[in-house]
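Written below as structure tokens is the structure these notes are about.
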Amino acid sequence: MTEFNASKIKVIFMDIGGVLLTNGWDYNSREKAAEIFNFDFKEMNILHNFIYNVFEIGSVSFDQYLNTVLFHTPRDFTKEQFKEFIFSQSTELPHLLEWVKKWKKQTDLPVFALSNENLDLNEYRIQTFNLHQVFDGFFSSCYLGVRKPDPRIFKMAMDITQVKPDECLYFDDRPMLVDAAGNMGINSILHTDFETTQHILENFIRK
């Protein structure tokens, strides 16, 4: 675990998918979709990988994404049915989200989401899971036009919140993204389980 000085921390950044919620539209969800809707997963996944980066930074719309990956040919299901399925893949992970909502009321630290999310899914997740109760703002790739691990997204988050790397703490469930933030001098924590993250955050109950 990264060693850090809790007294120096001014801002907490936290990923959403894999920490508070499921990833929402990951490889397993796409495989599941192929089974349910009966389409060629391999073909769809190649097209997904082709366009998803620009989809996550807000350069193409949800409809444009779906037209590219699936609806370039007639289907026996509608876009709306498929969108509903995608949204349904977002579920709350055990324990942490509800605990963090209570914890947020006991700390004076600002907490911001720092995540790769496409616009529609991002806004659905914020509203459905009441993420405003956790986060003071959202540094989402769809708003900033850049996605992790690009160093610019971390720099933007720090510039806007006016903190130095050693003044922020960042939680992510993916080691490569933890390393990417750590390479910029950010105190970066690999989220592995509720208890460990809970223990770290309890250091900041100080309101």
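Within each chain, counting starts at residue 1; across the structure tokens, chains are named A, B, ... in the order shown, with ligands numbered 1 upward in that order.
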Subject >> Selection: 7 Å around Ile9 in chain A, only C-alpha atoms, excl. self and same-chain fewer than 6 positions, as number ranges by chain >> reply: A: 167-169
**OP:** Would you mind writing down, as JSON, numbers by chain, each residue of range 30-180 of chain A that DSSP on the backbone assigns to strand (DSSP E or B)?
**Re:** {"A": [92, 111, 112, 113, 114, 115, 137, 138, 139, 140, 168, 169, 170, 171, 172]}
Original post:
Which residues, written as JSON, numbers by chain, have at least one atom at most 9 Å from range 2-8 of chain A, with only C-alpha atoms counted and residues fewer than 2 positions away on the same chain left out?
Top reply: {"A": [10, 166, 167, 168, 169, 187, 188, 189, 190, 203, 204]}
Please write the residues from the selection above to a file, keeping C-alpha atoms, as a PDB file, in the first residue's frame.
ATOM      1  CA  LYS A  10      -6.626  18.210   0.490  1.00  0.00           C
ATOM      2  CA  ASP A 166       1.196  14.955  -2.884  1.00  0.00           C
ATOM      3  CA  GLU A 167      -1.955  16.730  -1.660  1.00  0.00           C
ATOM      4  CA  CYS A 168      -4.391  14.308  -3.273  1.00  0.00           C
ATOM      5  CA  LEU A 169      -5.321  10.687  -2.753  1.00  0.00           C
ATOM      6  CA  ASN A 187      -0.785   9.221  -3.710  1.00  0.00           C
ATOM      7  CA  SER A 188      -2.484   6.281  -5.384  1.00  0.00           C
ATOM      8  CA  ILE A 189      -4.280   3.404  -3.692  1.00  0.00           C
ATOM      9  CA  LEU A 190      -5.229   0.107  -5.321  1.00  0.00           C
ATOM     10  CA  ASN A 203      -8.426   8.674   8.650  1.00  0.00           C
ATOM     11  CA  PHE A 204     -10.357  11.585   7.130  1.00  0.00           C
TER      12      PHE A 204
END
**OP:** From range 54-176 of chain A, collect each residue whose DSSP state is alpha helix (DSSP H) and return the set as a PyMOL selection string.
**Re:** chain A and resi 54-56+62-69+79-88+96-104+119-128+141-144+151-161+175-176
**OP:** For range 148-156 of chain A, please output as an MDAnalysis selection string all residues within 12 Å (counting only C-alpha atoms; exclusion window: fewer than 3 positions along the same chain).
**Re:** chainID A and resid 13:15 53 56:57 112:117 138:145 159:165 168:170 172 174:188
What's around Phe39 in chain A at 12 Å? Count only C-alpha atoms, leave out sequence neighbours fewer than 4 positions away in its own chain, and write the answer as a PDB file with N, CA and C atoms, in the first residue's frame.
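The new file result_12.pdb reads:
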ATOM      1  N   ARG A  30     -20.552  -7.407 -22.432  1.00  0.00           N
ATOM      2  CA  ARG A  30     -20.721  -7.514 -23.885  1.00  0.00           C
ATOM      3  C   ARG A  30     -20.904  -8.972 -24.296  1.00  0.00           C
ATOM      4  N   GLU A  31     -20.179  -9.861 -23.636  1.00  0.00           N
ATOM      5  CA  GLU A  31     -20.389 -11.293 -23.899  1.00  0.00           C
ATOM      6  C   GLU A  31     -21.808 -11.718 -23.546  1.00  0.00           C
ATOM      7  N   LYS A  32     -22.282 -11.254 -22.420  1.00  0.00           N
ATOM      8  CA  LYS A  32     -23.644 -11.562 -21.977  1.00  0.00           C
ATOM      9  C   LYS A  32     -24.665 -11.025 -22.972  1.00  0.00           C
ATOM     10  N   ALA A  33     -24.429  -9.820 -23.464  1.00  0.00           N
ATOM     11  CA  ALA A  33     -25.324  -9.216 -24.447  1.00  0.00           C
ATOM     12  C   ALA A  33     -25.393 -10.056 -25.716  1.00  0.00           C
ATOM     13  N   ALA A  34     -24.251 -10.569 -26.159  1.00  0.00           N
ATOM     14  CA  ALA A  34     -24.211 -11.385 -27.375  1.00  0.00           C
ATOM     15  C   ALA A  34     -25.042 -12.652 -27.207  1.00  0.00           C
ATOM     16  N   GLU A  35     -25.018 -13.241 -26.014  1.00  0.00           N
ATOM     17  CA  GLU A  35     -25.810 -14.444 -25.754  1.00  0.00           C
ATOM     18  C   GLU A  35     -27.303 -14.126 -25.735  1.00  0.00           C
ATOM     19  N   GLU A  43     -17.262 -10.119 -33.747  1.00  0.00           N
ATOM     20  CA  GLU A  43     -17.381  -9.001 -34.678  1.00  0.00           C
ATOM     21  C   GLU A  43     -17.729  -7.718 -33.913  1.00  0.00           C
ATOM     22  N   MET A  44     -18.693  -7.815 -33.013  1.00  0.00           N
ATOM     23  CA  MET A  44     -19.110  -6.639 -32.267  1.00  0.00           C
ATOM     24  C   MET A  44     -17.969  -6.101 -31.419  1.00  0.00           C
ATOM     25  N   ASN A  45     -17.199  -6.994 -30.799  1.00  0.00           N
ATOM     26  CA  ASN A  45     -16.139  -6.557 -29.900  1.00  0.00           C
ATOM     27  C   ASN A  45     -14.997  -5.876 -30.662  1.00  0.00           C
ATOM     28  N   VAL A  69     -21.245  -0.411 -33.820  1.00  0.00           N
ATOM     29  CA  VAL A  69     -20.947  -1.746 -33.293  1.00  0.00           C
ATOM     30  C   VAL A  69     -22.017  -2.783 -33.601  1.00  0.00           C
ATOM     31  N   LEU A  70     -23.269  -2.344 -33.806  1.00  0.00           N
ATOM     32  CA  LEU A  70     -24.355  -3.320 -33.987  1.00  0.00           C
ATOM     33  C   LEU A  70     -25.338  -2.984 -35.104  1.00  0.00           C
ATOM     34  N   PHE A  71     -25.768  -1.727 -35.167  1.00  0.00           N
ATOM     35  CA  PHE A  71     -26.907  -1.403 -36.019  1.00  0.00           C
ATOM     36  C   PHE A  71     -26.495  -0.924 -37.409  1.00  0.00           C
ATOM     37  N   THR A  73     -26.357  -3.128 -39.534  1.00  0.00           N
ATOM     38  CA  THR A  73     -27.127  -4.146 -40.243  1.00  0.00           C
ATOM     39  C   THR A  73     -28.430  -4.348 -39.486  1.00  0.00           C
ATOM     40  N   PRO A  74     -29.492  -4.813 -40.135  1.00  0.00           N
ATOM     41  CA  PRO A  74     -30.776  -4.993 -39.430  1.00  0.00           C
ATOM     42  C   PRO A  74     -30.663  -5.978 -38.270  1.00  0.00           C
ATOM     43  N   ARG A  75     -31.338  -5.654 -37.175  1.00  0.00           N
ATOM     44  CA  ARG A  75     -31.366  -6.511 -35.982  1.00  0.00           C
ATOM     45  C   ARG A  75     -32.812  -6.797 -35.608  1.00  0.00           C
ATOM     46  N   ASP A  76     -33.018  -7.875 -34.870  1.00  0.00           N
ATOM     47  CA  ASP A  76     -34.380  -8.204 -34.418  1.00  0.00           C
ATOM     48  C   ASP A  76     -34.652  -7.638 -33.022  1.00  0.00           C
ATOM     49  N   PHE A  77     -33.881  -6.626 -32.641  1.00  0.00           N
ATOM     50  CA  PHE A  77     -34.116  -5.883 -31.405  1.00  0.00           C
ATOM     51  C   PHE A  77     -33.833  -4.415 -31.700  1.00  0.00           C
ATOM     52  N   PHE A  82     -31.597  -2.327 -26.439  1.00  0.00           N
ATOM     53  CA  PHE A  82     -30.186  -2.588 -26.160  1.00  0.00           C
ATOM     54  C   PHE A  82     -29.632  -1.575 -25.167  1.00  0.00           C
TER      55      PHE A  82
END
Original post:
Contacts of Pro110 in chain A at 9 Å or less, counting only C-alpha atoms, minus same-chain residues fewer than 5 places along, as a ChimeraX atom specification?
Top reply: /A:10-13,104,135-137
Just all heavy atoms for this one: save the residues we selected as a PDB file, in the first residue's frame.
ATOM      1  N   LYS A  10      -5.613  17.166   0.634  1.00  0.00           N
ATOM      2  CA  LYS A  10      -6.626  18.210   0.490  1.00  0.00           C
ATOM      3  C   LYS A  10      -7.809  17.767  -0.375  1.00  0.00           C
ATOM      4  O   LYS A  10      -8.881  18.367  -0.308  1.00  0.00           O
ATOM      5  CB  LYS A  10      -5.994  19.459  -0.134  1.00  0.00           C
ATOM      6  CG  LYS A  10      -4.944  20.128   0.745  1.00  0.00           C
ATOM      7  CD  LYS A  10      -4.398  21.379   0.069  1.00  0.00           C
ATOM      8  CE  LYS A  10      -3.355  22.068   0.952  1.00  0.00           C
ATOM      9  NZ  LYS A  10      -2.813  23.275   0.273  1.00  0.00           N
ATOM     10  N   VAL A  11      -7.596  16.754  -1.209  1.00  0.00           N
ATOM     11  CA  VAL A  11      -8.632  16.297  -2.139  1.00  0.00           C
ATOM     12  C   VAL A  11      -8.527  14.786  -2.288  1.00  0.00           C
ATOM     13  O   VAL A  11      -7.413  14.230  -2.306  1.00  0.00           O
ATOM     14  CB  VAL A  11      -8.473  16.954  -3.533  1.00  0.00           C
ATOM     15  CG1 VAL A  11      -9.382  16.295  -4.554  1.00  0.00           C
ATOM     16  CG2 VAL A  11      -8.774  18.438  -3.475  1.00  0.00           C
ATOM     17  N   ILE A  12      -9.682  14.125  -2.405  1.00  0.00           N
ATOM     18  CA  ILE A  12      -9.706  12.707  -2.720  1.00  0.00           C
ATOM     19  C   ILE A  12     -10.339  12.527  -4.089  1.00  0.00           C
ATOM     20  O   ILE A  12     -11.399  13.083  -4.377  1.00  0.00           O
ATOM     21  CB  ILE A  12     -10.479  11.897  -1.663  1.00  0.00           C
ATOM     22  CG1 ILE A  12      -9.701  11.904  -0.333  1.00  0.00           C
ATOM     23  CG2 ILE A  12     -10.717  10.463  -2.128  1.00  0.00           C
ATOM     24  CD1 ILE A  12     -10.387  11.165   0.793  1.00  0.00           C
ATOM     25  N   PHE A  13      -9.653  11.760  -4.946  1.00  0.00           N
ATOM     26  CA  PHE A  13     -10.181  11.359  -6.244  1.00  0.00           C
ATOM     27  C   PHE A  13     -10.496   9.865  -6.170  1.00  0.00           C
ATOM     28  O   PHE A  13      -9.763   9.099  -5.542  1.00  0.00           O
ATOM     29  CB  PHE A  13      -9.174  11.614  -7.365  1.00  0.00           C
ATOM     30  CG  PHE A  13      -8.813  13.058  -7.556  1.00  0.00           C
ATOM     31  CD1 PHE A  13      -7.514  13.508  -7.341  1.00  0.00           C
ATOM     32  CD2 PHE A  13      -9.767  13.975  -7.971  1.00  0.00           C
ATOM     33  CE1 PHE A  13      -7.175  14.833  -7.520  1.00  0.00           C
ATOM     34  CE2 PHE A  13      -9.432  15.317  -8.157  1.00  0.00           C
ATOM     35  CZ  PHE A  13      -8.127  15.744  -7.932  1.00  0.00           C
ATOM     36  N   LYS A 104     -19.076  10.579   3.910  1.00  0.00           N
ATOM     37  CA  LYS A 104     -18.940  11.904   3.288  1.00  0.00           C
ATOM     38  C   LYS A 104     -19.528  12.995   4.181  1.00  0.00           C
ATOM     39  O   LYS A 104     -19.057  14.135   4.168  1.00  0.00           O
ATOM     40  CB  LYS A 104     -19.629  11.899   1.919  1.00  0.00           C
ATOM     41  CG  LYS A 104     -19.461  13.200   1.119  1.00  0.00           C
ATOM     42  CD  LYS A 104     -17.990  13.454   0.794  1.00  0.00           C
ATOM     43  CE  LYS A 104     -17.823  14.577  -0.216  1.00  0.00           C
ATOM     44  NZ  LYS A 104     -18.238  15.897   0.277  1.00  0.00           N
ATOM     45  N   PHE A 135     -19.818  12.545  -4.341  1.00  0.00           N
ATOM     46  CA  PHE A 135     -18.863  13.367  -5.075  1.00  0.00           C
ATOM     47  C   PHE A 135     -19.287  14.835  -5.149  1.00  0.00           C
ATOM     48  O   PHE A 135     -20.457  15.149  -5.358  1.00  0.00           O
ATOM     49  CB  PHE A 135     -18.678  12.827  -6.491  1.00  0.00           C
ATOM     50  CG  PHE A 135     -18.118  11.428  -6.532  1.00  0.00           C
ATOM     51  CD1 PHE A 135     -18.866  10.371  -7.020  1.00  0.00           C
ATOM     52  CD2 PHE A 135     -16.837  11.176  -6.070  1.00  0.00           C
ATOM     53  CE1 PHE A 135     -18.352   9.075  -7.059  1.00  0.00           C
ATOM     54  CE2 PHE A 135     -16.301   9.892  -6.094  1.00  0.00           C
ATOM     55  CZ  PHE A 135     -17.064   8.842  -6.590  1.00  0.00           C
ATOM     56  N   ASP A 136     -18.295  15.706  -5.013  1.00  0.00           N
ATOM     57  CA  ASP A 136     -18.507  17.140  -5.176  1.00  0.00           C
ATOM     58  C   ASP A 136     -18.433  17.553  -6.640  1.00  0.00           C
ATOM     59  O   ASP A 136     -18.779  18.685  -6.990  1.00  0.00           O
ATOM     60  CB  ASP A 136     -17.471  17.912  -4.360  1.00  0.00           C
ATOM     61  CG  ASP A 136     -17.630  17.636  -2.869  1.00  0.00           C
ATOM     62  OD1 ASP A 136     -18.634  18.078  -2.289  1.00  0.00           O
ATOM     63  OD2 ASP A 136     -16.759  16.947  -2.287  1.00  0.00           O
ATOM     64  N   GLY A 137     -17.965  16.674  -7.489  1.00  0.00           N
ATOM     65  CA  GLY A 137     -17.880  16.937  -8.922  1.00  0.00           C
ATOM     66  C   GLY A 137     -17.370  15.698  -9.635  1.00  0.00           C
ATOM     67  O   GLY A 137     -16.927  14.724  -8.994  1.00  0.00           O
TER      68      GLY A 137
END
